[in-house]
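Reading through the structure tokens given below for one structure.
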Amino acid sequence: MMHMEMEQHLREKLLPFWENLKDDMYGGFYGFMGTDRNVVKTAEKGCILNSRILWFFSNAYLTLKDESVKPYADHAFRFLVERCMDRKEGGVFWSLDYKGEPLDTTKHTYNQAFAIYALASYYDAFHVEEALQAATELFRLIEIKCRDEYGYKEAQSREFYHVSNDKLSENGVMAERTMNTLLHVFEAYTELYRVTKRPETAERLKWILDTIATKIYNPGLRRQEVFFDNHMNSLIDLHSYGHDIETAWLIDRGLNVLGDESYKKKLKPVTEALEDRIYEIAYYNHSLANECERGEVNELRIWWVQAEAVVGFYNAWEKRKKETRFLEASKDIWNFIKEHVSDSRPGGEWFWCTDKDGNPEMEKPIVEPWKCPYHNGRMCMEIINRNK
């Protein structure tokens, strides 16, 4: 059974790997490992990476009820609140040096969101009021300093003045707004609302859902637009397959937490269209292609895209039980991950990507600020919990 395999994968591969990266001298977790599996202990520590690690250990505890996980979650929590958070200006830094001192002091909305996501989960797991207080402070900071009349801003300076959004802009454009940041603010607010049920968080969730339905989702192409100017005009012909299948199930998660039937009805055609379209055009060779820019498909099989496809197709099957194609796709991609993406070498985790035939890219790192246990760990925990 797939969920039993994933529990074994979580217990025997992912958890031990990330536990071994704990930095007992300077705090947090080591920030870089190449495909040679050698840890660079003096590498920068991305605050996104450490937030995602906190989320991972907190949810592993909730899923497995394994007390041995708690010290790692506690360690990650202390590093986040004592080092990653800016006690002078507010918010979360982009990165720290290996000793835990501020390195890149950019305040990116995306980064604030992931800290909320992690802190809310840690609070749910261990009932530490300090975590909920920190998450609430970040929520208020986003709403005051990271939002304007058009929506959520992207990158700002330490003092919250506008700076270029080079960190979440790709494909030759410099975006003022991104689908990616909005999605993960939604994800973070979903988790915060789940543990607090505060009305102000619910109102922001509804605003984001309205924006996705009217500004982000393109009904003619059955996809999300990705990069936008300041007024939410799309900048490029780009279809991000991984984000679309991830968005479909994260919206469903948010709708279930929100519990508003009118929004479920409004977003149902959007999530089902995203699921159908990704299945039609991106799922082949037992895996999911990366993206399509101006009609040209990027065939790389990115690690996180495969993990989100497993959950996204499984979620689609749960909603539409007669559509067994989604369940079969979820199982098929999991088998591709086991055979090609998961690194079978001692001390390995997942490769960054493979080609469409499953041959791994051996130059990309195993750990760096974006390469984390969030997508693959969450895949395991979602399938485990959906089968309880």
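Each chain in the structure tokens gets a letter, A, B, ..., in the order shown, and its residues are numbered from 1; ligands are numbered from 1 in order too.
Excluding segment 344-347 of chain A itself and any same-chain residue fewer than 5 positions from it, the protein and nucleic acid residues within 12 Å of it, counting only C-alpha atoms, are His9, Glu12, Lys13, Leu14, Leu15, Pro16, Phe17, Trp18, Glu19, Asn20, Leu21, Met33, Gly34, Thr35, Asp36, Arg37, Asn38, Val39, Ile337, Lys338, Glu339, Pro360 and Ile366 of chain A.
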**Pick from A:Asp357, A:Ala307, A:Thr271, A:Tyr189, whichever lies nearest to Arg320 of chain A using only C-alpha atoms** = A:Thr271
**Message:** Residues near Asp276 of chain A, anyone? I mean within 12 Å using only C-alpha atoms, not counting same-chain ones fewer than 4 positions away, as an MDAnalysis selection string.
**Reply:** chainID A and resid 221:223 241 244:245 248 269:272 280:283 312:313 316:317 320 323 325:326 329
How close does each residue of segment 292-331 of chain A get to segment 375-383 of chain A, giving the shortest atom pair and distance in Å to one decimal for every residue with an atom at most 10 Å away, counting only C-alpha atoms, sorted by chain and residue number, as a tab-separated table?
residue	atom	partner	partner_atom	distance
A:Trp303	CA	A:Asn376	CA	7.9
A:Trp304	CA	A:His375	CA	5.6
A:Val305	CA	A:His375	CA	8.4
A:Gln306	CA	A:Asn376	CA	8.6
A:Ala307	CA	A:Asn376	CA	5.4
A:Glu308	CA	A:His375	CA	6.7
A:Ala309	CA	A:Met379	CA	9.0
A:Val310	CA	A:Met379	CA	7.0
A:Val311	CA	A:Met379	CA	5.9
A:Gly312	CA	A:Met379	CA	9.4
A:Tyr314	CA	A:Ile383	CA	8.1
A:Asn315	CA	A:Ile383	CA	9.3
**Asked** With distances taken over only C-alpha atoms, which of A:Phe114, A:Leu138, A:Trp370, A:Ser287 is nearest to Lys331 of chain A?
**Response** A:Ser287
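Atom CA of Val163 of chain A sits 13.1 Å away from atom CA of Trp94 of chain A.
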**Request:** Quick one: everything within 12 Å of Ser234 of chain A, counting only C-alpha atoms, minus sequence neighbours fewer than 3 positions away in the same chain. Send it as an MDAnalysis selection string.
**Result:** chainID A and resid 173:179 215:218 224:231 237:239
Export of prior selection with N, CA and C atoms as a PDB file, in the first residue's frame:
ATOM      1  N   VAL A 173      11.718  37.787 -16.727  1.00  0.00           N
ATOM      2  CA  VAL A 173      10.867  38.915 -16.345  1.00  0.00           C
ATOM      3  C   VAL A 173      11.172  39.309 -14.900  1.00  0.00           C
ATOM      4  N   MET A 174      10.852  40.552 -14.573  1.00  0.00           N
ATOM      5  CA  MET A 174      10.960  41.028 -13.202  1.00  0.00           C
ATOM      6  C   MET A 174       9.545  41.378 -12.746  1.00  0.00           C
ATOM      7  N   ALA A 175       8.988  40.533 -11.906  1.00  0.00           N
ATOM      8  CA  ALA A 175       7.578  40.634 -11.555  1.00  0.00           C
ATOM      9  C   ALA A 175       7.359  41.488 -10.310  1.00  0.00           C
ATOM     10  N   GLU A 176       6.319  42.294 -10.340  1.00  0.00           N
ATOM     11  CA  GLU A 176       5.891  43.055  -9.173  1.00  0.00           C
ATOM     12  C   GLU A 176       4.942  42.247  -8.293  1.00  0.00           C
ATOM     13  N   ARG A 177       4.259  41.285  -8.898  1.00  0.00           N
ATOM     14  CA  ARG A 177       3.358  40.385  -8.175  1.00  0.00           C
ATOM     15  C   ARG A 177       3.564  38.983  -8.735  1.00  0.00           C
ATOM     16  N   THR A 178       3.387  37.972  -7.897  1.00  0.00           N
ATOM     17  CA  THR A 178       3.519  36.607  -8.380  1.00  0.00           C
ATOM     18  C   THR A 178       2.406  35.720  -7.840  1.00  0.00           C
ATOM     19  N   MET A 179       2.009  34.772  -8.650  1.00  0.00           N
ATOM     20  CA  MET A 179       1.083  33.731  -8.209  1.00  0.00           C
ATOM     21  C   MET A 179       1.675  32.954  -7.045  1.00  0.00           C
ATOM     22  N   LYS A 215      -8.279  36.925 -11.045  1.00  0.00           N
ATOM     23  CA  LYS A 215      -7.047  37.547 -11.557  1.00  0.00           C
ATOM     24  C   LYS A 215      -5.968  36.531 -11.932  1.00  0.00           C
ATOM     25  N   ILE A 216      -5.834  35.487 -11.140  1.00  0.00           N
ATOM     26  CA  ILE A 216      -4.753  34.522 -11.346  1.00  0.00           C
ATOM     27  C   ILE A 216      -5.159  33.438 -12.340  1.00  0.00           C
ATOM     28  N   TYR A 217      -6.338  32.889 -12.172  1.00  0.00           N
ATOM     29  CA  TYR A 217      -6.806  31.795 -13.029  1.00  0.00           C
ATOM     30  C   TYR A 217      -7.234  32.332 -14.393  1.00  0.00           C
ATOM     31  N   ASN A 218      -6.755  31.668 -15.434  1.00  0.00           N
ATOM     32  CA  ASN A 218      -7.099  32.001 -16.819  1.00  0.00           C
ATOM     33  C   ASN A 218      -8.068  30.937 -17.334  1.00  0.00           C
ATOM     34  N   GLN A 224      -3.180  28.824 -14.336  1.00  0.00           N
ATOM     35  CA  GLN A 224      -2.876  30.055 -13.619  1.00  0.00           C
ATOM     36  C   GLN A 224      -1.838  30.854 -14.393  1.00  0.00           C
ATOM     37  N   GLU A 225      -1.975  32.163 -14.379  1.00  0.00           N
ATOM     38  CA  GLU A 225      -0.879  33.010 -14.822  1.00  0.00           C
ATOM     39  C   GLU A 225       0.130  33.087 -13.677  1.00  0.00           C
ATOM     40  N   VAL A 226       1.368  33.415 -13.989  1.00  0.00           N
ATOM     41  CA  VAL A 226       2.455  33.242 -13.014  1.00  0.00           C
ATOM     42  C   VAL A 226       3.057  34.565 -12.546  1.00  0.00           C
ATOM     43  N   PHE A 227       3.457  35.409 -13.492  1.00  0.00           N
ATOM     44  CA  PHE A 227       4.121  36.666 -13.159  1.00  0.00           C
ATOM     45  C   PHE A 227       3.277  37.841 -13.639  1.00  0.00           C
ATOM     46  N   PHE A 228       3.219  38.892 -12.808  1.00  0.00           N
ATOM     47  CA  PHE A 228       2.334  40.016 -13.073  1.00  0.00           C
ATOM     48  C   PHE A 228       3.049  41.342 -12.843  1.00  0.00           C
ATOM     49  N   ASP A 229       2.524  42.400 -13.495  1.00  0.00           N
ATOM     50  CA  ASP A 229       2.970  43.744 -13.166  1.00  0.00           C
ATOM     51  C   ASP A 229       2.239  44.218 -11.910  1.00  0.00           C
ATOM     52  N   ASN A 230       2.435  45.462 -11.543  1.00  0.00           N
ATOM     53  CA  ASN A 230       1.871  45.952 -10.294  1.00  0.00           C
ATOM     54  C   ASN A 230       0.344  45.936 -10.288  1.00  0.00           C
ATOM     55  N   HIS A 231      -0.269  45.999 -11.478  1.00  0.00           N
ATOM     56  CA  HIS A 231      -1.725  46.045 -11.582  1.00  0.00           C
ATOM     57  C   HIS A 231      -2.321  44.690 -11.949  1.00  0.00           C
ATOM     58  N   ASP A 237       3.839  34.381 -21.250  1.00  0.00           N
ATOM     59  CA  ASP A 237       3.099  33.160 -21.586  1.00  0.00           C
ATOM     60  C   ASP A 237       3.828  31.989 -20.928  1.00  0.00           C
ATOM     61  N   LEU A 238       3.407  31.652 -19.715  1.00  0.00           N
ATOM     62  CA  LEU A 238       4.088  30.625 -18.930  1.00  0.00           C
ATOM     63  C   LEU A 238       3.057  29.789 -18.191  1.00  0.00           C
ATOM     64  N   HIS A 239       3.213  28.474 -18.289  1.00  0.00           N
ATOM     65  CA  HIS A 239       2.335  27.541 -17.587  1.00  0.00           C
ATOM     66  C   HIS A 239       3.197  26.714 -16.642  1.00  0.00           C
TER      67      HIS A 239
END
**Item:** Nearest to Arg11 of chain A by atom-to-atom distance, counting only C-alpha atoms, from A:Ser164, A:Ser157, A:Ser68, A:Thr42
**Value:** A:Ser68
**Request:** Identify, on the basis of only C-alpha atoms, every residue whose closest approach to Ala113 of chain A does not exceed 9 Å; exclude the query and any residue fewer than 5 positions from it along the same chain; express the result as number ranges by chain.
**Result:** A: 108, 118, 138-139, 142, 181, 184-189
**Item:** helix (DSSP H, G or I) call set, DSSP backbone run, segment 46-292 of chain A, as an NGL selection string
**Value:** :A and (47-64 or 67-84 or 109-126 or 129-145 or 179-196 or 199-216 or 241-258 or 261-281)
